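Data first, discussion second: the structure below is written as structure tokens.
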Amino acid sequence: FAIFDNENTALSWDDTVEWCNLLGLHHVPVLWEGIWYEKTIRRLGQELNLTAQEGLVVRVRGKIRANAWTHLVGKWVRKGHVQTDEHWTKTWIPNKLR
């Protein structure tokens with residue numbers, strides 16, 4: 001749901017999709033595009049297939065500076081979505097693209 005540039009800013013959604021297409025990457029499925037309506041987002045959350053879907057992410061379409069991330073991006077995940085004893089942050093490896 002985000003690709004960051006070298007200035008620690010998430011690209012706009014359109015630019016993220018474009019880069020995914022250029023690099024042959026799959027981006028997260030888009031469940032809703034449009035003006036924020038809490039009722040719509042709540043309905044989408046209730047309609048998720050929780051055996052196949054982890055949750056959902058909402059974000060603005062524009063660029064997102066890292067210091068504004070918590071105000072412009074939200075994520076909801078189903079209870080018990082982590083299926084391992086070890087959290088991913090203990091074993092993750094940063095990419096070497098820079």
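Naming scheme: A, B, ... for chains in displayed order of the structure tokens; residues 1 onward per chain; ligands 1 onward as shown.
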
What are the closest atom pairs, with distances in Å to one decimal, for all residues of region 24-62 of chain A lying within 10 Å of region 67-81 of chain A? Consider only C-alpha atoms, order rows by chain and residue number, and present the result as a Markdown table.
| residue | atom | partner | partner_atom | distance |
| --- | --- | --- | --- | --- |
| A:Gly45 | CA | A:Trp76 | CA | 8.3 |
| A:Leu48 | CA | A:Arg78 | CA | 9.5 |
| A:Leu50 | CA | A:Arg78 | CA | 6.9 |
| A:Thr51 | CA | A:Arg78 | CA | 9.4 |
| A:Gln53 | CA | A:Arg78 | CA | 8.3 |
| A:Glu54 | CA | A:Val77 | CA | 5.5 |
| A:Gly55 | CA | A:Val77 | CA | 4.1 |
| A:Leu56 | CA | A:Trp76 | CA | 5.4 |
| A:Val57 | CA | A:Lys75 | CA | 4.3 |
| A:Val58 | CA | A:Gly74 | CA | 5.2 |
| A:Arg59 | CA | A:Val73 | CA | 4.4 |
| A:Val60 | CA | A:Leu72 | CA | 6.0 |
| A:Arg61 | CA | A:Leu72 | CA | 9.5 |
| A:Gly62 | CA | A:Leu72 | CA | 9.7 |

Enumerate the residues of chain A with a DSSP assignment of strand (DSSP E or B), computed from the backbone, and present them as number ranges by chain. A: 4, 9-10, 55-59, 64-65, 73-77

Using only C-alpha atoms, which of A:His27, A:Glu47, A:Ile64, A:Thr91 sits nearest Ser12 (chain A)? A:Ile64

Would you mind writing down, as a ChimeraX atom specification, each residue of region 25-83 of chain A that DSSP on the backbone assigns to alpha helix (DSSP H)? /A:38-47,69-72

Skip Glu7 (chain A) itself and residues of its chain fewer than 2 positions away, then list as a PyMOL selection string all residues within 12 Å of it, counting only C-alpha atoms. chain A and resi 3-5+9-11+63-67+98

Residues from the last selection, C-alpha atoms, saved as a compact mmCIF listing (two decimals), in the first residue's frame:
# COMPACT_ATOMS: atom_id res chain seq x y z
CA ILE A 3 6.36 2.80 -1.84
CA PHE A 4 8.71 5.34 -0.28
CA ASP A 5 11.12 7.62 -2.12
CA THR A 9 7.83 10.16 1.58
CA ALA A 10 5.29 7.59 0.41
CA LEU A 11 4.46 8.05 -3.25
CA LYS A 63 2.00 11.70 -1.20
CA ILE A 64 2.45 11.04 2.50
CA ARG A 65 5.42 12.38 4.43
CA ALA A 66 6.65 9.96 7.09
CA ASN A 67 5.89 12.42 9.90
CA ARG A 98 19.49 2.57 -2.51
